[in-house]
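What's in target31.cif: mmCIF, C-alpha atoms
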```cif
data_entry
loop_
_atom_site.label_atom_id
_atom_site.label_comp_id
_atom_site.auth_asym_id
_atom_site.auth_seq_id
_atom_site.Cartn_x
_atom_site.Cartn_y
_atom_site.Cartn_z
CA MET E 20 189.32 -12.01 -36.62
CA LYS E 21 189.30 -8.63 -34.95
CA LYS E 22 185.68 -9.08 -33.92
CA ILE E 23 186.44 -12.44 -32.31
CA SER E 24 189.47 -11.22 -30.39
CA LYS E 25 187.47 -8.18 -29.25
CA SER E 26 184.68 -10.32 -27.84
CA LEU E 27 187.26 -12.63 -26.26
CA ASP E 28 188.79 -9.58 -24.64
CA SER E 29 185.48 -8.41 -23.30
CA ALA E 30 184.69 -11.91 -22.03
CA LYS E 31 188.01 -11.87 -20.26
CA ALA E 32 187.21 -8.47 -18.82
CA THR E 33 183.90 -9.71 -17.43
CA LEU E 34 185.63 -12.66 -15.83
CA ARG E 35 188.25 -10.39 -14.34
CA GLU E 36 185.54 -8.15 -12.88
CA ALA E 37 183.92 -11.25 -11.41
CA PHE E 38 187.21 -12.27 -9.82
CA ILE E 39 187.70 -8.89 -8.20
CA LEU E 40 184.10 -8.88 -6.98
CA HIS E 41 184.74 -12.33 -5.50
CA LEU E 42 187.76 -10.99 -3.60
CA ALA E 43 185.73 -8.00 -2.41
CA ASP E 44 182.69 -10.06 -1.38
CA ASN E 45 184.81 -12.47 0.66
CA THR E 46 186.25 -9.68 2.75
CA LEU E 47 182.99 -7.75 3.03
CA ILE E 48 180.88 -10.65 4.26
CA LEU E 49 183.50 -11.82 6.75
CA ALA E 50 183.86 -8.24 8.00
CA GLN E 51 180.09 -8.09 8.42
CA ARG E 52 180.02 -11.38 10.31
CA ASN E 53 182.91 -10.43 12.61
CA SER E 54 181.32 -7.08 13.34
CA GLU E 55 178.37 -8.90 14.94
CA TRP E 56 180.70 -9.40 17.91
CA CYS E 57 180.97 -5.66 18.51
CA GLY E 58 179.96 -5.03 22.10
CA HIS E 59 179.51 -8.75 22.72
CA GLY E 60 183.08 -9.99 22.84
CA PRO E 61 184.02 -12.35 25.64
CA VAL E 62 186.64 -9.96 27.00
CA LEU E 63 187.28 -6.28 26.24
CA GLU E 64 190.57 -6.82 24.46
CA GLN E 65 189.12 -9.54 22.25
CA ASP E 66 186.06 -7.44 21.43
CA ILE E 67 188.51 -4.81 20.17
CA ALA E 68 190.65 -7.42 18.41
CA ILE E 69 187.80 -8.95 16.41
CA THR E 70 186.38 -5.57 15.44
CA ASN E 71 189.87 -4.41 14.42
CA ILE E 72 190.05 -7.46 12.16
CA SER E 73 186.62 -6.60 10.84
CA LEU E 74 187.80 -3.09 9.99
CA ASP E 75 190.94 -4.43 8.30
CA LEU E 76 188.77 -6.67 6.12
CA LEU E 77 186.38 -3.84 5.38
CA GLY E 78 189.30 -1.70 4.22
CA GLN E 79 190.36 -4.46 1.86
CA ALA E 80 186.77 -4.75 0.64
CA ARG E 81 186.65 -1.04 -0.14
CA ASN E 82 189.85 -1.23 -2.15
CA PHE E 83 188.54 -4.15 -4.19
CA TYR E 84 185.10 -2.60 -4.71
CA GLN E 85 186.55 0.71 -5.84
CA TYR E 86 188.70 -1.08 -8.36
CA ALA E 87 185.81 -3.24 -9.53
CA ALA E 88 183.55 -0.21 -9.90
CA GLN E 89 186.20 1.44 -12.02
CA LEU E 90 186.39 -1.57 -14.33
CA ILE E 91 182.65 -2.15 -14.54
CA GLY E 92 181.87 1.49 -15.21
CA ASN E 93 178.27 2.18 -16.05
CA GLY E 94 177.79 4.36 -13.00
CA SER E 95 178.91 1.67 -10.55
CA THR E 96 180.40 2.82 -7.31
CA GLU E 97 181.80 0.92 -4.34
CA ASP E 98 178.53 1.67 -2.57
CA SER E 99 176.26 0.44 -5.37
CA LEU E 100 178.22 -2.79 -5.60
CA CYS E 101 178.09 -3.30 -1.86
CA PHE E 102 174.57 -2.20 -1.00
CA LEU E 103 172.48 -2.84 -4.08
CA ARG E 104 173.38 -6.32 -5.25
CA SER E 105 171.30 -9.33 -4.31
CA GLU E 106 172.31 -12.72 -2.93
CA ARG E 107 172.87 -14.41 -6.29
CA GLU E 108 175.16 -11.61 -7.40
CA PHE E 109 177.50 -12.03 -4.48
CA LYS E 110 180.47 -14.28 -5.11
CA ASN E 111 181.85 -14.88 -1.65
CA CYS E 112 182.65 -18.41 -0.59
CA LEU E 113 180.29 -20.14 1.83
CA LEU E 114 182.80 -20.24 4.68
CA VAL E 115 182.60 -16.52 5.41
CA GLU E 116 178.83 -16.42 5.65
CA GLN E 117 178.62 -19.18 8.27
CA PRO E 118 177.28 -18.01 11.62
CA ASN E 119 179.66 -16.83 14.32
CA GLY E 120 178.62 -19.55 16.72
CA ASP E 121 180.67 -19.34 19.89
CA TRP E 122 184.04 -17.62 20.14
CA GLY E 123 185.82 -20.82 19.17
CA GLN E 124 183.90 -21.14 15.93
CA THR E 125 184.58 -17.51 15.01
CA ILE E 126 188.30 -18.03 15.69
CA LEU E 127 188.42 -21.21 13.65
CA ARG E 128 186.62 -19.61 10.72
CA GLN E 129 189.07 -16.71 10.84
CA PHE E 130 191.99 -19.12 11.04
CA PHE E 131 190.94 -21.16 7.99
CA PHE E 132 190.21 -18.06 5.98
CA SER E 133 193.23 -15.97 6.98
CA VAL E 134 195.74 -18.70 6.17
CA TYR E 135 194.08 -18.99 2.76
CA GLN E 136 194.08 -15.20 2.32
CA HIS E 137 197.76 -15.03 3.18
CA LEU E 138 198.63 -17.50 0.44
CA LEU E 139 196.24 -15.82 -1.99
CA TYR E 140 197.58 -12.31 -1.43
CA SER E 141 201.17 -13.54 -1.62
CA GLN E 142 200.37 -14.72 -5.13
CA LEU E 143 198.52 -11.54 -6.05
CA GLN E 144 201.47 -9.41 -4.96
CA ASP E 145 203.30 -10.55 -8.08
CA THR E 146 200.42 -10.23 -10.50
CA GLN E 147 200.67 -8.17 -13.67
CA ASP E 148 197.73 -6.04 -12.60
CA GLU E 149 199.29 -3.17 -10.68
CA ASN E 150 196.17 -2.27 -8.78
CA LEU E 151 195.62 -5.78 -7.51
CA ALA E 152 199.28 -6.12 -6.62
CA ALA E 153 199.17 -2.90 -4.61
CA ILE E 154 196.02 -3.93 -2.73
CA ALA E 155 197.52 -7.33 -2.02
CA THR E 156 200.80 -5.91 -0.75
CA LYS E 157 199.08 -3.59 1.68
CA SER E 158 196.59 -6.19 2.83
CA LEU E 159 199.25 -8.83 3.39
CA LYS E 160 200.52 -7.01 6.47
CA GLU E 161 197.06 -7.03 8.01
CA VAL E 162 196.47 -10.65 7.12
CA THR E 163 199.80 -11.69 8.61
CA TYR E 164 198.56 -10.45 11.94
CA HIS E 165 195.17 -12.17 11.47
CA VAL E 166 196.96 -15.47 10.89
CA ARG E 167 199.08 -14.99 13.98
CA TRP E 168 196.18 -13.92 16.18
CA SER E 169 193.84 -16.71 15.13
CA SER E 170 196.56 -19.40 15.29
CA GLU E 171 197.46 -18.48 18.84
CA TRP E 172 193.81 -18.69 19.87
CA VAL E 173 193.21 -21.99 18.08
CA ILE E 174 196.14 -23.50 19.98
CA ARG E 175 195.06 -22.12 23.33
CA MET E 176 191.48 -23.19 23.03
CA GLY E 177 192.12 -26.53 21.35
CA ASP E 178 194.76 -27.46 23.91
CA GLY E 179 192.94 -25.74 26.76
CA THR E 180 190.30 -26.84 29.19
CA SER E 181 188.02 -29.77 28.44
CA GLU E 182 185.19 -27.37 27.62
CA SER E 183 187.20 -25.27 25.21
CA HIS E 184 188.50 -28.41 23.53
CA LYS E 185 185.00 -29.81 23.14
CA ARG E 186 183.76 -26.58 21.61
CA MET E 187 186.68 -26.41 19.21
CA LYS E 188 186.01 -29.98 18.10
CA GLN E 189 182.42 -28.99 17.40
CA ALA E 190 183.63 -25.98 15.46
CA MET E 191 185.90 -28.23 13.39
CA ASN E 192 182.98 -30.44 12.47
CA GLU E 193 180.83 -27.43 11.63
CA LEU E 194 183.36 -25.60 9.46
CA TRP E 195 185.50 -28.30 7.86
CA PRO E 196 182.99 -29.00 5.05
CA PHE E 197 183.29 -25.38 3.95
CA THR E 198 187.06 -25.33 3.55
CA GLY E 199 187.12 -27.26 0.29
CA GLU E 200 185.39 -24.51 -1.65
CA LEU E 201 188.38 -22.23 -1.13
CA PHE E 202 190.35 -24.35 -3.58
CA LEU E 203 187.60 -25.24 -6.05
CA PRO E 204 188.18 -22.74 -8.83
CA ALA E 205 185.17 -20.89 -10.16
CA GLY E 206 185.00 -20.04 -13.86
CA TYR E 207 186.70 -16.70 -13.25
CA GLU E 208 189.52 -18.22 -11.23
CA ASN E 209 191.28 -19.40 -14.32
CA GLU E 210 195.02 -18.85 -14.29
CA THR E 211 194.85 -16.61 -17.35
CA ILE E 212 192.52 -14.28 -15.44
CA THR E 213 194.02 -14.40 -11.96
CA GLY E 214 197.67 -14.89 -12.80
CA PHE E 215 198.18 -17.90 -10.57
CA ASN E 216 196.96 -21.44 -10.08
CA LEU E 217 194.43 -21.64 -7.25
CA LEU E 218 194.89 -25.37 -6.83
CA SER E 219 198.57 -24.86 -6.02
CA LEU E 220 197.57 -23.13 -2.80
CA LYS E 221 195.84 -26.14 -1.35
CA GLN E 222 198.89 -28.07 -0.19
CA PRO E 223 200.61 -25.15 1.57
CA TRP E 224 197.29 -24.31 3.20
CA LEU E 225 196.84 -27.87 4.43
CA GLN E 226 200.42 -27.93 5.67
CA LYS E 227 200.04 -24.77 7.69
CA ILE E 228 196.70 -25.60 9.24
CA THR E 229 197.61 -29.17 10.16
CA ASP E 230 200.72 -27.90 11.94
CA ILE E 231 198.62 -25.61 14.09
CA LEU E 232 195.72 -28.02 14.53
CA LYS E 233 198.07 -30.75 15.64
CA GLU E 234 199.55 -28.46 18.26
CA ALA E 235 195.99 -27.59 19.28
CA LYS E 236 195.16 -31.29 19.64
CA LEU E 237 192.36 -30.84 17.10
CA TRP E 238 193.72 -32.74 14.13
CA SER E 239 192.42 -36.15 13.23
CA SER E 240 193.07 -38.40 10.28
CA VAL E 241 189.38 -38.21 9.46
CA TYR E 242 190.08 -34.78 7.93
CA GLU E 243 192.46 -36.38 5.48
CA ASN E 244 189.61 -38.27 3.90
CA ASP E 245 187.91 -37.01 0.80
CA ILE E 246 184.58 -35.81 2.07
CA PHE E 247 181.86 -33.88 0.35
CA MET E 248 182.68 -30.21 0.45
CA GLN E 249 179.96 -27.55 0.33
CA ASN E 250 180.35 -25.12 -2.52
CA GLY E 251 178.47 -22.81 -4.85
CA GLY E 252 179.07 -19.53 -3.05
CA LYS E 253 181.60 -18.40 -5.60
CA ASN E 254 178.87 -18.65 -8.23
CA GLY E 255 176.15 -16.95 -6.26
CA LEU E 256 174.51 -20.03 -4.75
CA HIS E 257 174.50 -19.12 -1.10
CA SER E 258 173.22 -20.56 2.13
CA GLU E 259 170.08 -19.24 3.77
CA TYR E 260 172.20 -17.04 6.01
CA MET E 261 173.12 -14.77 3.13
CA GLY E 262 169.70 -13.16 2.98
CA TYR E 263 169.85 -12.20 6.64
CA ILE E 264 173.38 -10.86 6.35
CA LEU E 265 172.45 -8.70 3.36
CA THR E 266 169.33 -7.46 5.11
CA ASP E 267 171.43 -6.14 7.97
CA LEU E 268 173.93 -4.69 5.55
CA GLN E 269 171.62 -3.21 2.94
CA TYR E 270 168.41 -2.29 4.71
CA MET E 271 169.15 1.40 5.18
CA GLN E 272 170.31 1.98 1.64
CA ARG E 273 167.37 0.12 0.17
CA ALA E 274 164.84 1.78 2.45
CA TYR E 275 166.24 5.26 1.84
CA PRO E 276 167.84 5.10 -1.58
CA GLY E 277 170.71 7.49 -2.06
CA ALA E 278 170.84 8.38 1.63
CA GLU E 279 174.20 9.57 2.89
CA TRP E 280 175.71 10.24 6.29
CA MET V 16 176.62 -14.19 44.35
CA LYS V 17 179.63 -13.24 46.40
CA ILE V 18 181.28 -10.00 45.38
CA SER V 19 184.61 -9.13 46.92
CA ILE V 20 186.95 -6.33 45.97
CA GLN V 21 190.59 -6.58 46.83
CA LYS V 22 192.95 -3.72 46.30
CA PHE V 23 196.49 -4.70 45.53
CA TYR V 24 199.51 -2.47 45.73
CA TYR V 25 202.03 -3.42 43.10
CA GLY V 26 204.17 -6.23 44.34
CA ASP V 27 201.45 -7.58 46.58
CA ILE V 28 199.73 -9.83 44.07
CA PRO V 29 199.74 -13.34 45.52
CA ASP V 30 201.32 -16.27 43.76
CA GLU V 31 198.05 -18.06 42.95
CA ASN V 32 197.11 -15.26 40.58
CA LYS V 33 200.34 -15.35 38.67
CA GLY V 34 200.57 -16.14 34.99
CA ASP V 35 202.75 -18.72 33.38
CA THR V 36 204.64 -18.92 30.12
CA ASP V 37 203.83 -22.61 29.95
CA LEU V 38 200.39 -22.69 28.36
CA LYS V 39 199.30 -26.03 29.75
CA GLU V 40 199.85 -25.03 33.33
CA SER V 41 197.83 -21.83 33.14
CA ALA V 42 195.01 -23.60 31.43
CA VAL V 43 194.80 -26.42 33.92
CA GLN V 44 195.36 -24.34 37.03
CA SER V 45 191.92 -22.82 37.36
CA GLN V 46 188.30 -23.85 37.38
CA ASP V 47 187.05 -20.38 36.75
CA GLY V 48 188.99 -19.25 33.67
CA ARG V 49 189.06 -15.64 34.76
CA ASP V 50 191.30 -16.33 37.78
CA ALA V 51 194.07 -17.67 35.59
CA TRP V 52 194.44 -14.39 33.70
CA PRO V 53 196.89 -12.19 35.55
CA LEU V 54 197.24 -8.46 35.14
CA TRP V 55 199.97 -7.11 32.88
CA GLU V 56 201.38 -3.61 32.66
CA ILE V 57 201.93 -2.33 29.14
CA PHE V 58 204.73 -0.03 28.03
CA ILE V 59 204.82 1.45 24.55
CA ARG V 60 207.66 3.18 22.76
CA SER V 61 206.27 5.76 20.38
CA LYS V 62 207.51 6.32 16.84
CA GLN V 63 209.83 9.18 17.79
CA GLY V 64 210.43 8.04 21.32
CA LEU V 65 213.41 6.77 23.18
CA ASP V 66 211.75 5.24 26.20
CA HIS V 67 208.81 2.93 26.65
CA LYS V 68 206.05 4.78 28.43
CA HIS V 69 203.41 3.17 30.59
CA ALA V 70 200.24 2.96 28.51
CA GLY V 71 197.91 1.00 30.72
CA SER V 72 197.20 -2.50 31.83
CA LEU V 73 195.19 -5.49 30.75
CA HIS V 74 194.46 -9.10 31.60
CA ALA V 75 195.89 -11.89 29.52
CA ALA V 76 196.61 -15.57 29.97
CA ASP V 77 200.29 -15.39 29.06
CA ALA V 78 202.99 -13.12 27.60
CA VAL V 79 202.20 -13.73 23.92
CA MET V 80 198.51 -12.97 24.47
CA ALA V 81 199.45 -9.89 26.50
CA ILE V 82 201.54 -8.54 23.65
CA GLU V 83 198.80 -9.21 21.10
CA ASN V 84 196.16 -7.62 23.31
CA ALA V 85 198.40 -4.60 23.85
CA ARG V 86 198.90 -4.33 20.10
CA ASP V 87 195.14 -4.47 19.55
CA VAL V 88 194.17 -2.08 22.32
CA TYR V 89 197.05 0.38 22.66
CA THR V 90 198.52 0.77 19.18
CA ARG V 91 195.37 1.36 17.17
CA ARG V 92 196.18 4.98 16.44
CA GLN V 93 199.84 4.51 15.68
CA GLU V 94 200.79 5.13 19.27
CA GLY V 95 203.82 2.92 19.14
CA ILE V 96 206.41 0.78 17.43
CA SER V 97 207.53 -1.32 20.35
CA ILE V 98 205.69 -3.01 23.19
CA TRP V 99 206.93 -4.26 26.53
CA VAL V 100 204.65 -6.29 28.77
CA VAL V 101 205.43 -7.04 32.36
CA GLU V 102 203.29 -8.96 34.77
CA SER V 103 202.03 -6.54 37.38
CA LYS V 104 203.22 -8.74 40.18
CA TYR V 105 206.82 -8.15 39.10
CA ILE V 106 206.54 -4.42 39.48
CA HIS V 107 207.45 -3.24 42.93
CA ALA V 108 206.48 0.28 43.83
CA THR V 109 206.75 2.66 46.72
CA ASN V 110 203.88 2.96 49.07
CA PRO V 111 202.21 6.38 48.87
CA ASP V 112 202.15 6.45 52.67
CA GLU V 113 205.92 6.57 52.69
CA ALA V 114 206.11 9.55 50.33
CA GLU V 115 207.04 11.99 53.07
CA SER V 116 210.16 10.22 54.28
CA LEU V 117 211.26 9.18 50.81
CA TYR V 118 210.90 12.41 48.83
CA GLU V 119 210.62 15.45 51.05
CA PRO V 120 214.17 15.48 52.47
CA ALA V 121 215.41 16.35 48.95
CA SER V 122 213.41 19.56 48.80
CA ASP V 123 215.83 21.71 50.86
CA LYS V 124 219.12 20.47 49.45
CA ILE V 125 219.63 23.01 46.73
CA TYR V 126 223.35 22.26 46.51
CA ARG V 127 222.48 19.03 44.69
CA HIS V 128 221.54 21.00 41.58
CA PRO V 129 224.32 21.96 39.14
CA SER V 130 222.77 25.44 38.74
CA PHE V 131 223.61 26.18 42.39
CA TYR V 132 227.26 26.64 41.53
CA ASN V 133 228.86 29.73 40.00
CA LEU V 134 231.41 28.81 37.43
CA PRO V 135 234.28 31.15 36.54
CA ASP V 136 233.91 32.69 33.09
CA GLU V 137 237.15 31.05 31.90
CA LEU V 138 235.46 27.66 31.95
CA LYS V 139 233.90 27.47 28.50
CA HIS V 140 232.81 23.85 28.22
CA MET V 141 231.21 22.57 31.41
#
```
Could you express the structure from this file as structure tokens?
Amino acid sequence: MKKISKSLDSAKATLREAFILHLADNTLILAQRNSEWCGHGPVLEQDIAITNISLDLLGQARNFYQYAAQLIGNGSTEDSLCFLRSEREFKNCLLVEQPNGDWGQTILRQFFFSVYQHLLYSQLQDTQDENLAAIATKSLKEVTYHVRWSSEWVIRMGDGTSESHKRMKQAMNELWPFTGELFLPAGYENETITGFNLLSLKQPWLQKITDILKEAKLWSSVYENDIFMQNGGKNGLHSEYMGYILTDLQYMQRAYPGAEW
Amino acid sequence: MKISIQKFYYGDIPDENKGDTDLKESAVQSQDGRDAWPLWEIFIRSKQGLDHKHAGSLHAADAVMAIENARDVYTRRQEGISIWVVESKYIHATNPDEAESLYEPASDKIYRHPSFYNLPDELKHM
């Protein structure tokens, strides 16, 4: 009996590591994507805003990676997890690896993700795992601002000029099929591992985003239909973009192994 | 490409360049989006401070955006805990050309300073 419960424990541990890596990968890849705007923002203040958000997300990523490295052991560090894993080992959802597109698409991607993150971290705040709870509590303040910032922009651009509205509608069509994955639990997103039910976040998420999208004149009943949602990212099956993102991210470390600043 | 530079003294900014708290109006008002973004002056109260100090200025479409932009640009290094934004056109300032008549007459009126007066020693709490 002891042998069985021990291997169950270690299976649980592996799943828990996977969950934390998933949390870390989400924030890392989105930070990487947002950072592509650095120096190219439409307006100075927004260039700073998006890179600030990128830094916030990167900080969260570091916290998660450090914790994951601690659990995985075996010489893992936050850097080895970040710079030396390949596409199929990354567990981020597909939404965060989508291209930036125009400003509207970046904003919409941030909006969808931040509202989800806010609900997710609110749950994690109360988890038994002290480390996760601490990371979530700290990150919640940052994410609250991300939600506010992106909501305000979604409203202004959706309910703005005819061009901004058209672009936001395009962004909706581009990104909507990637929102479903957020609430499709991967194997490691079992309630016994994470401490909460992922599916229970879907309704509040829908409620919040439809409120904003309606104000932004972007909502349509077509989004209420059950459509095919892209998924697989959480299990390492990524889009073609992932390779390019990781190349940017990992090139230096792979070309000069062990190099430090 | 026509390039024109116009220097405004505070208080001179014409009505067409004003912002609006009603989102719809600002958005519809302009063809070239840039024109509809007025200038705002930012005041930040620091952590230990009592007064909001002028921190700079930025362009934003409306008050909410101005506050968010100020938060993103001017409070990155914990410079402040409170932000005031005021549209530049609502700030009226003195004209530097008038400095002489406004400020110099006070320079030779030393009796306006409390330290000019000798107080008798018996007065302990003045």
- prompt: Quick one: which residues from chain E are at most 12 Å off chain V, using all atoms listed in the file, as a VMD selection string?
  reply: chain E and resid 61 to 72 74 to 75 161 164 to 165 167 to 172 174 to 184 234 to 235
task: Name the residues that the PyMOL selection byres ((chain E and resi 154) around 12) picks from the file above, as JSON, numbers by chain, using the file's chain letters and numbers.
output: {"E": [39, 42, 43, 76, 78, 79, 80, 81, 82, 83, 84, 85, 86, 139, 140, 141, 142, 143, 144, 145, 146, 148, 149, 150, 151, 152, 153, 155, 156, 157, 158, 159, 160, 161, 162]}
message: Excluding E:Gly123 and its own-chain neighbours fewer than 5 positions away, which residues fall within 7 Å of it when counting all atoms listed in the file? Please give them as a VMD selection string.
response: chain E and resid 186 to 187 190
message: Give me the residues near E:Phe109 as number ranges by chain, where near means some atom within 9 Å (using all atoms listed in the file) and where sequence neighbours in that chain fewer than 5 positions away do not count.
response: E: 40-41, 44-45, 104, 252-257
query: Can you tell me, as a list of chain:residue names, what residues are no more than 6 Å from stretch 52-62 of chain V when counting only C-alpha atoms, ignoring any on the same chain fewer than 2 positions away?
result: V:Asn32, V:Lys33, V:Gly34, V:Arg49, V:Asp50, V:Gly64, V:Asp66, V:His67, V:Lys68, V:His69, V:Ala70, V:Gly71, V:Ser72, V:Leu73, V:His74, V:Ala75, V:Ala76, V:Glu94, V:Gly95, V:Ile96, V:Ser97, V:Ile98, V:Trp99, V:Val100, V:Val101, V:Glu102, V:Ser103
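Minimum atom-to-atom distance to E:Ala205, evaluated using all atoms listed in the file, belongs to E:Gly251 out of E:Gly277, E:Gly251, E:Gly262, E:Pro223.
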- request: Using the chain letters and numbers from the file, give me the residues hit by the PyMOL selection byres ((chain E and resi 248) around 12), as a VMD selection string.
  value: chain E and resid 112 to 114 193 to 203 242 244 to 247 249 to 252
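Note that the spacing between atom CA of E:Leu268 and atom CA of E:Leu217 amounts to 29.5 Å.
If you look at atom CA of E:Gly94 and atom CA of E:Thr33, they are 16.0 Å away from each other.
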task: Kindly give the distance, in Å, that separates atom CA of E:Asp267 and atom CA of E:Asn111, rounded to a single decimal.
output: 16.7 Å
